file query.txt (compact mmCIF, C-alpha atoms and all ligand atoms)
# COMPACT_ATOMS: atom_id res chain seq x y z
CA MET A 704 52.72 -48.34 -21.66
CA VAL A 705 55.12 -50.76 -23.34
CA ALA A 706 56.19 -53.82 -21.29
CA PRO A 707 59.95 -54.23 -20.76
CA PRO A 708 62.18 -56.75 -22.56
CA ASP A 709 61.81 -60.27 -21.11
CA ASN A 710 65.43 -60.65 -20.03
CA ASP A 711 65.46 -57.46 -17.89
CA VAL A 712 64.45 -57.93 -14.26
CA LEU A 713 64.39 -54.16 -13.84
CA TRP A 714 63.76 -51.64 -16.57
CA ALA A 715 63.45 -47.88 -16.57
CA ARG A 716 62.46 -45.56 -19.40
CA SER A 717 62.99 -41.78 -19.59
CA LEU A 718 63.03 -41.14 -15.86
CA ASN A 719 62.76 -37.54 -14.75
CA TYR A 720 62.90 -36.56 -11.10
CA SER A 721 63.26 -33.17 -9.41
CA HIS A 722 63.68 -32.63 -5.67
CA ASN A 723 61.52 -29.59 -4.90
CA GLY A 724 62.11 -28.21 -8.39
CA SER A 725 65.83 -29.03 -8.40
CA PRO A 726 66.45 -31.56 -11.24
CA ALA A 727 68.17 -34.81 -10.20
CA LEU A 728 67.37 -37.17 -13.10
CA ASP A 729 66.96 -36.12 -16.72
CA SER A 730 65.53 -38.72 -19.10
CA VAL A 731 67.44 -41.71 -17.71
CA SER A 732 66.73 -45.11 -19.28
CA LEU A 733 68.34 -48.43 -18.39
CA GLY A 734 67.74 -52.17 -18.11
CA VAL A 735 69.15 -54.55 -15.51
CA ARG A 736 69.40 -58.22 -16.42
CA GLU A 737 68.55 -60.98 -13.97
CA GLY A 738 71.55 -61.94 -11.82
CA GLU A 739 73.58 -59.00 -13.13
CA ILE A 740 75.70 -56.74 -10.93
CA LEU A 741 75.25 -53.25 -12.34
CA ALA A 742 77.36 -50.36 -11.06
CA VAL A 743 75.98 -46.82 -11.26
CA ASN A 744 78.82 -44.33 -11.00
CA GLY A 745 79.24 -40.59 -11.34
CA PRO A 746 80.46 -37.59 -9.37
CA ARG A 747 78.75 -36.37 -6.21
CA GLY A 748 75.25 -35.04 -6.88
CA SER A 749 75.01 -36.76 -10.27
CA GLY A 750 71.75 -38.52 -9.33
CA LYS A 751 72.90 -42.01 -8.29
CA THR A 752 70.86 -42.16 -5.06
CA THR A 753 67.80 -40.65 -6.74
CA LEU A 754 68.04 -43.26 -9.51
CA LEU A 755 68.29 -46.16 -7.02
CA ARG A 756 65.37 -44.74 -5.03
CA CYS A 757 63.22 -44.51 -8.20
CA LEU A 758 64.16 -48.04 -9.31
CA SER A 759 63.38 -49.47 -5.85
CA GLY A 760 59.99 -47.76 -5.61
CA GLN A 761 60.96 -45.42 -2.77
CA LEU A 762 60.37 -42.45 -5.08
CA VAL A 763 57.89 -42.22 -7.93
CA PRO A 764 59.42 -40.47 -10.97
CA GLN A 765 57.59 -37.34 -12.13
CA GLU A 766 57.95 -38.69 -15.69
CA GLY A 767 58.94 -42.08 -17.06
CA GLU A 768 58.39 -45.73 -16.21
CA VAL A 769 59.95 -48.30 -13.88
CA TRP A 770 59.17 -51.97 -14.36
CA PHE A 771 60.06 -54.92 -12.13
CA ASN A 772 59.62 -58.03 -14.27
CA SER A 773 56.19 -57.44 -15.80
CA SER A 774 54.92 -55.12 -13.03
CA PRO A 775 54.82 -51.34 -13.52
CA VAL A 776 56.29 -49.95 -10.29
CA HIS A 777 55.60 -46.31 -11.23
CA THR A 778 51.82 -46.82 -11.21
CA MET A 779 51.64 -48.99 -8.06
CA SER A 780 49.89 -47.68 -4.95
CA ALA A 781 52.14 -46.80 -2.01
CA PRO A 782 51.16 -49.96 -0.02
CA LEU A 783 51.94 -52.19 -3.04
CA ARG A 784 55.31 -50.53 -3.55
CA GLU A 785 56.03 -51.01 0.15
CA GLN A 786 55.13 -54.70 -0.12
CA LEU A 787 57.35 -55.07 -3.19
CA ARG A 788 60.26 -53.47 -1.34
CA ARG A 789 59.72 -55.74 1.66
CA ASP A 790 59.21 -59.00 -0.29
CA ARG A 791 61.52 -58.70 -3.32
CA PHE A 792 64.03 -55.90 -2.74
CA SER A 793 66.73 -55.09 -0.19
CA TRP A 794 68.58 -51.86 0.49
CA ILE A 795 72.02 -51.12 1.92
CA GLY A 796 72.94 -47.47 2.47
CA PRO A 797 76.28 -45.83 3.30
CA GLU A 798 75.53 -46.15 7.06
CA PRO A 799 74.51 -49.46 8.67
CA SER A 800 71.45 -48.06 10.58
CA LEU A 801 70.99 -51.06 12.88
CA VAL A 802 68.46 -51.31 15.72
CA PRO A 803 70.58 -50.47 18.81
CA GLU A 804 68.51 -52.65 21.21
CA LEU A 805 69.00 -55.81 19.11
CA ASN A 806 72.19 -57.85 18.86
CA ALA A 807 73.91 -58.64 15.55
CA TRP A 808 72.01 -61.83 14.72
CA GLU A 809 68.66 -60.30 15.71
CA ASN A 810 69.39 -57.31 13.44
CA ALA A 811 70.35 -59.61 10.57
CA ALA A 812 67.25 -61.77 11.13
CA LEU A 813 64.85 -58.82 11.39
CA PRO A 814 63.36 -58.96 7.84
CA LEU A 815 62.58 -62.68 8.29
CA LEU A 816 61.08 -62.17 11.76
CA MET A 817 58.90 -59.35 10.36
CA ASN A 818 57.79 -61.60 7.49
CA GLY A 819 56.53 -64.20 9.97
CA SER A 820 59.41 -66.73 9.81
CA SER A 821 59.90 -68.83 12.93
CA HIS A 822 62.47 -67.62 15.44
CA ARG A 823 64.54 -70.77 14.89
CA ALA A 824 64.58 -70.48 11.07
CA ALA A 825 65.30 -66.74 11.15
CA LYS A 826 68.18 -67.22 13.58
CA ALA A 827 69.67 -70.07 11.53
CA ALA A 828 69.56 -68.01 8.32
CA ALA A 829 70.99 -64.91 10.01
CA MET A 830 73.80 -66.93 11.60
CA GLU A 831 74.67 -68.48 8.25
CA TRP A 832 75.06 -65.05 6.63
CA LEU A 833 77.00 -63.64 9.58
CA GLU A 834 79.41 -66.62 9.32
CA ARG A 835 79.82 -66.06 5.57
CA LEU A 836 80.60 -62.42 6.25
CA ASP A 837 83.22 -63.44 8.89
CA ILE A 838 81.38 -61.95 11.86
CA GLY A 839 79.70 -65.05 13.29
CA GLY A 840 81.73 -64.47 16.47
CA CYS A 841 79.98 -61.11 16.97
CA ALA A 842 76.44 -62.51 16.70
CA ARG A 843 75.52 -61.70 20.33
CA LYS A 844 77.05 -58.24 20.40
CA ARG A 845 74.92 -55.13 20.13
CA PRO A 846 75.79 -52.48 17.52
CA TYR A 847 77.55 -50.17 20.04
CA ALA A 848 80.09 -52.96 20.74
CA LEU A 849 80.97 -53.43 17.06
CA TYR A 850 83.35 -51.54 14.78
CA GLN A 851 81.78 -49.62 11.88
CA ALA A 852 83.00 -52.24 9.38
CA GLN A 853 81.41 -55.01 11.48
CA ARG A 854 78.14 -53.05 11.72
CA GLN A 855 78.10 -52.66 7.93
CA ARG A 856 78.63 -56.42 7.56
CA VAL A 857 75.58 -56.98 9.77
CA ALA A 858 73.64 -54.62 7.48
CA VAL A 859 74.84 -56.64 4.49
CA ALA A 860 73.71 -59.88 6.18
CA ARG A 861 70.31 -58.28 6.87
CA ALA A 862 70.01 -57.31 3.19
CA LEU A 863 70.91 -60.80 1.97
CA VAL A 864 68.98 -62.87 4.53
CA THR A 865 65.72 -62.79 2.54
CA THR A 866 67.54 -63.70 -0.73
CA PRO A 867 65.97 -60.69 -2.48
CA ALA A 868 65.40 -60.54 -6.22
CA VAL A 869 67.20 -57.18 -6.34
CA LEU A 870 69.64 -55.71 -3.85
CA PHE A 871 70.14 -51.94 -4.06
CA ALA A 872 73.45 -50.87 -2.54
CA ASP A 873 73.94 -47.12 -2.27
CA GLU A 874 77.65 -46.44 -1.69
CA PRO A 875 77.82 -49.27 0.86
CA ALA A 876 81.56 -48.81 1.37
CA ALA A 877 81.52 -45.01 1.69
CA ALA A 878 81.85 -44.93 5.49
CA LEU A 879 84.51 -47.65 5.62
CA HIS A 880 88.28 -47.69 5.39
CA LEU A 881 89.31 -48.52 1.80
CA THR A 882 90.43 -52.09 2.58
CA ASP A 883 87.35 -52.86 4.71
CA GLY A 884 85.06 -51.37 2.06
CA ALA A 885 86.58 -53.39 -0.77
CA GLN A 886 86.35 -56.58 1.31
CA VAL A 887 82.70 -55.99 2.24
CA LEU A 888 81.90 -55.30 -1.41
CA ARG A 889 83.74 -58.40 -2.60
CA THR A 890 81.83 -60.58 -0.11
CA LEU A 891 78.54 -58.96 -1.10
CA THR A 892 79.10 -59.48 -4.83
CA THR A 893 80.32 -63.06 -4.36
CA ALA A 894 77.24 -63.90 -2.25
CA ALA A 895 74.95 -62.20 -4.77
CA ARG A 896 76.45 -64.16 -7.65
CA SER A 897 76.15 -67.50 -5.85
CA HIS A 898 72.44 -66.81 -5.09
CA ARG A 899 71.61 -65.16 -8.46
CA ILE A 900 70.69 -61.92 -6.69
CA THR A 901 70.61 -58.92 -9.02
CA VAL A 902 72.59 -55.98 -7.60
CA VAL A 903 72.36 -52.28 -8.45
CA LEU A 904 75.39 -50.66 -6.84
CA ALA A 905 75.90 -46.88 -6.64
CA THR A 906 79.54 -46.04 -6.11
CA LEU A 907 82.03 -43.20 -6.56
CA ASP A 908 84.94 -45.59 -6.48
CA GLU A 909 86.32 -46.84 -9.79
CA GLU A 910 87.99 -49.85 -8.15
CA LEU A 911 84.60 -51.00 -6.88
CA THR A 912 82.98 -50.71 -10.30
CA ALA A 913 85.45 -53.39 -11.39
CA LEU A 914 83.43 -55.85 -9.26
CA ALA A 915 80.38 -55.24 -11.45
CA ASP A 916 79.41 -56.86 -14.75
CA ARG A 917 78.53 -53.51 -16.30
CA THR A 918 78.66 -49.82 -15.43
CA VAL A 919 76.20 -47.03 -16.15
CA SER A 920 77.57 -43.50 -15.69
CA LEU A 921 75.64 -40.39 -14.68
CA VAL A 922 76.64 -36.74 -14.92
CA ASP A 923 74.23 -34.00 -13.81
CA GLY A 924 71.35 -36.48 -13.81
CA ARG A 925 71.94 -37.67 -17.36
CA ARG A 926 73.36 -40.96 -18.64
CA VAL A 927 76.70 -40.58 -20.37
CA SER A 928 78.68 -43.24 -22.19
CA SER A 929 81.71 -42.71 -19.93
CA LEU A 930 83.05 -40.15 -17.45
CA ARG A 931 85.44 -37.50 -18.76
CA PRO A 932 88.82 -37.23 -16.95
CA SER A 933 87.69 -34.08 -15.08
CA GLU A 934 84.63 -35.97 -13.76
CA ALA A 935 86.79 -38.96 -12.84
CA GLU A 936 89.21 -36.61 -11.03
CA GLY A 937 86.30 -35.13 -9.12
CA ARG A 938 85.25 -38.61 -8.19
CA ALA A 939 88.77 -39.54 -7.00
CA ALA A 940 88.96 -36.37 -4.88
CA CYS A 941 85.59 -37.27 -3.38
CA SER A 942 86.78 -40.80 -2.64
CA LEU A 943 89.68 -39.44 -0.64
CA SER A 944 87.39 -37.24 1.41
CA VAL A 945 85.25 -40.11 2.76
N1 LIG B 1001 66.06 -34.42 -0.58
C1 LIG B 1001 66.59 -33.58 -1.47
N2 LIG B 1001 66.17 -32.30 -1.56
C2 LIG B 1001 66.69 -31.43 -2.46
N3 LIG B 1001 67.64 -31.78 -3.36
C3 LIG B 1001 68.10 -33.04 -3.32
C4 LIG B 1001 67.59 -34.01 -2.39
N4 LIG B 1001 68.24 -35.18 -2.60
C5 LIG B 1001 69.10 -34.95 -3.62
N5 LIG B 1001 69.02 -33.68 -4.05
C6 LIG B 1001 69.78 -33.08 -5.15
O1 LIG B 1001 69.58 -33.89 -6.30
C7 LIG B 1001 70.79 -34.04 -7.02
C8 LIG B 1001 71.13 -35.54 -7.13
O2 LIG B 1001 71.40 -36.01 -5.81
P1 LIG B 1001 71.72 -37.55 -5.51
O3 LIG B 1001 71.87 -37.69 -4.03
O4 LIG B 1001 70.72 -38.39 -6.19
O5 LIG B 1001 73.13 -37.70 -6.22
P2 LIG B 1001 74.32 -38.72 -5.89
O6 LIG B 1001 75.03 -38.94 -7.17
O7 LIG B 1001 73.79 -39.91 -5.17
O8 LIG B 1001 75.22 -37.87 -4.91
P3 LIG B 1001 76.18 -38.39 -3.71
O9 LIG B 1001 77.28 -39.16 -4.36
O10 LIG B 1001 76.64 -37.10 -3.10
O11 LIG B 1001 75.32 -39.19 -2.79
C9 LIG B 1001 71.84 -33.23 -6.28
O12 LIG B 1001 71.92 -31.96 -6.88
C10 LIG B 1001 71.28 -33.13 -4.88
O13 LIG B 1001 71.72 -31.95 -4.25
call {"tool": "encode", "arguments": {"input": "query.txt", "output": "structure tokens", "more": "lines below"}}
Ligand SMILES: Nc1ncnc2c1ncn2[C@@H]1O[C@H](COP(=O)(O)OP(=O)(O)OP(=O)(O)O)[C@@H](O)[C@H]1O
result
Amino acid sequence: MVAPPDNDVLWARSLNYSHNGSPALDSVSLGVREGEILAVNGPRGSGKTTLLRCLSGQLVPQEGEVWFNSSPVHTMSAPLREQLRRDRFSWIGPEPSLVPELNAWENAALPLLMNGSSHRAAKAAAMEWLERLDIGGCARKRPYALYQAQRQRVAVARALVTTPAVLFADEPAAALHLTDGAQVLRTLTTAARSHRITVVLATLDEELTALADRTVSLVDGRRVSSLRPSEAEGRAACSLSV
């Protein structure tokens, strides 16, 4: 095994992954620099989610290496990968998936409460993020009483509250109206930049890739230098359907 370059917080080499024999990643290599916002784009089914799940230690690639700083994630035991995900990484998916019995601030504070932070400190941190995301006024509301865009902001607050080293955002605006989605993404990227949080953002939307420092494109599980017009058209059609 060869250790990754020093300036990459996350580094992957020749990743191959198949879901039950169906190939999703084919020899994908990439590096993510500390504090960078990296967009991963590509048409539907191109392997974006699978790549983020391999990089974040949720999936172990069948071939290839994933390194976080100087730690090889691909050879870690399942409990160590779980600890890494809990302590250093955060994840935002297309749907907010909040705990229905908890209100907005309790949902946002959850990772801190589970890590043993005091109730007072966890609440203060959660409230600060909810305010920054313009939903401080909803802090006592439960998820059912919030709009989808507000729920997704709570999920963003929950992902930022631990100030992770790397935030993985898998199409976080997919379930939102275009304006809401762009606003949530802008707030997320601004917050990440101010706290030097590295972001790996999977998105179908070209406008959202403009918020990133750099873009990596996938087609059929392989890295390509850029998307051809037909692939970009496919992506635009997909954007309209969400
Ligand atoms: N759990 C699974 N079981 C079987 N095949 C899967 C599974 N997850 C993904 N795939 C397949 O792997 C390929 C890559 O899927 P992936 O979800 O990583 O792509 P994606 O670019 O994130 O797509 P989307 O934009 O639709 O989310 C696709 O062909 C998909 O059908």
call {"tool": "closest_residue", "arguments": {"input": "query.txt", "among": "A:Ala876, A:Leu816, A:Leu911, A:Val712", "to": "Glu737 (chain A)", "atoms": "only C-alpha atoms"}}
result
A:Val712
call {"tool": "residues_around", "arguments": {"input": "query.txt", "residues": "Gln853 (chain A)", "least_positions_apart": "5", "cutoff": "10 Å", "atoms": "all atoms listed in the file", "output": "PyMOL selection string"}}
result
chain A and resi 799+807+833+836-838+841+846+848+858-859+879+883+887
call {"tool": "closest_residue", "arguments": {"input": "query.txt", "among": "A:Leu907, A:Ala715, A:Ile740, A:Met830", "to": "ligand LIG 1001 (chain B)", "atoms": "only C-alpha atoms and all ligand atoms"}}
result
A:Leu907
call {"tool": "residues_near_point", "arguments": {"input": "query.txt", "point": "(72.0, -47.8, -2.1)", "cutoff": "8 Å", "atoms": "only C-alpha atoms", "output": "list in words"}}
result
Thr752, Leu755, Arg756, Trp794, Ile795, Gly796, Pro797, Phe871, Ala872, Asp873, Glu874, Pro875, Val903, Leu904 and Ala905 of chain A
call {"tool": "residues_near_ligand", "arguments": {"input": "query.txt", "ligand": "ligand LIG 1001 (chain B)", "cutoff": "9 Å", "atoms": "all atoms listed in the file", "output": "ChimeraX atom specification"}}
result
/A:720-728,743-756,873-874,905-907,921-924,938,941
call {"tool": "closest_residue", "arguments": {"input": "query.txt", "among": "A:Leu888, A:Ser780, A:Ser732, A:Asn806", "to": "Arg925 (chain A)", "atoms": "all atoms listed in the file"}}
result
A:Ser732
call {"tool": "residues_near_point", "arguments": {"input": "query.txt", "point": "(61.0, -54.7, -12.1)", "cutoff": "8 Å", "atoms": "all atoms listed in the file", "output": "PDB file with C-alpha atoms, in the frame of the given file"}}
result
ATOM      1  CA  ASP A 711      65.460 -57.460 -17.890  1.00  0.00           C
ATOM      2  CA  VAL A 712      64.450 -57.930 -14.260  1.00  0.00           C
ATOM      3  CA  LEU A 713      64.390 -54.160 -13.840  1.00  0.00           C
ATOM      4  CA  TRP A 714      63.760 -51.640 -16.570  1.00  0.00           C
ATOM      5  CA  LEU A 758      64.160 -48.040  -9.310  1.00  0.00           C
ATOM      6  CA  VAL A 769      59.950 -48.300 -13.880  1.00  0.00           C
ATOM      7  CA  TRP A 770      59.170 -51.970 -14.360  1.00  0.00           C
ATOM      8  CA  PHE A 771      60.060 -54.920 -12.130  1.00  0.00           C
ATOM      9  CA  ASN A 772      59.620 -58.030 -14.270  1.00  0.00           C
ATOM     10  CA  SER A 773      56.190 -57.440 -15.800  1.00  0.00           C
ATOM     11  CA  SER A 774      54.920 -55.120 -13.030  1.00  0.00           C
ATOM     12  CA  PRO A 775      54.820 -51.340 -13.520  1.00  0.00           C
ATOM     13  CA  VAL A 776      56.290 -49.950 -10.290  1.00  0.00           C
TER      14      VAL A 776
END
call {"tool": "residues_around", "arguments": {"input": "query.txt", "residues": "Thr778 (chain A)", "least_positions_apart": "5", "cutoff": "10 Å", "atoms": "only C-alpha atoms", "output": "PyMOL selection string"}}
result
chain A and resi 760+763-764+768-770+783-784
call {"tool": "atom_distance", "arguments": {"input": "query.txt", "atom1": "CA of Ala877 (chain A)", "atom2": "CA of Ala825 (chain A)"}}
result
28.7 Å
call {"tool": "atom_distance", "arguments": {"input": "query.txt", "atom1": "CA of Asn818 (chain A)", "atom2": "CA of Ile900 (chain A)"}}
result
19.2 Å
call {"tool": "atom_distance", "arguments": {"input": "query.txt", "atom1": "CA of Arg845 (chain A)", "atom2": "CA of Phe792 (chain A)"}}
result
25.3 Å
call {"tool": "closest_residue", "arguments": {"input": "query.txt", "among": "A:Leu741, A:Val902, A:Ala862, A:Ala885", "to": "Arg789 (chain A)", "atoms": "all atoms listed in the file"}}
result
A:Ala862
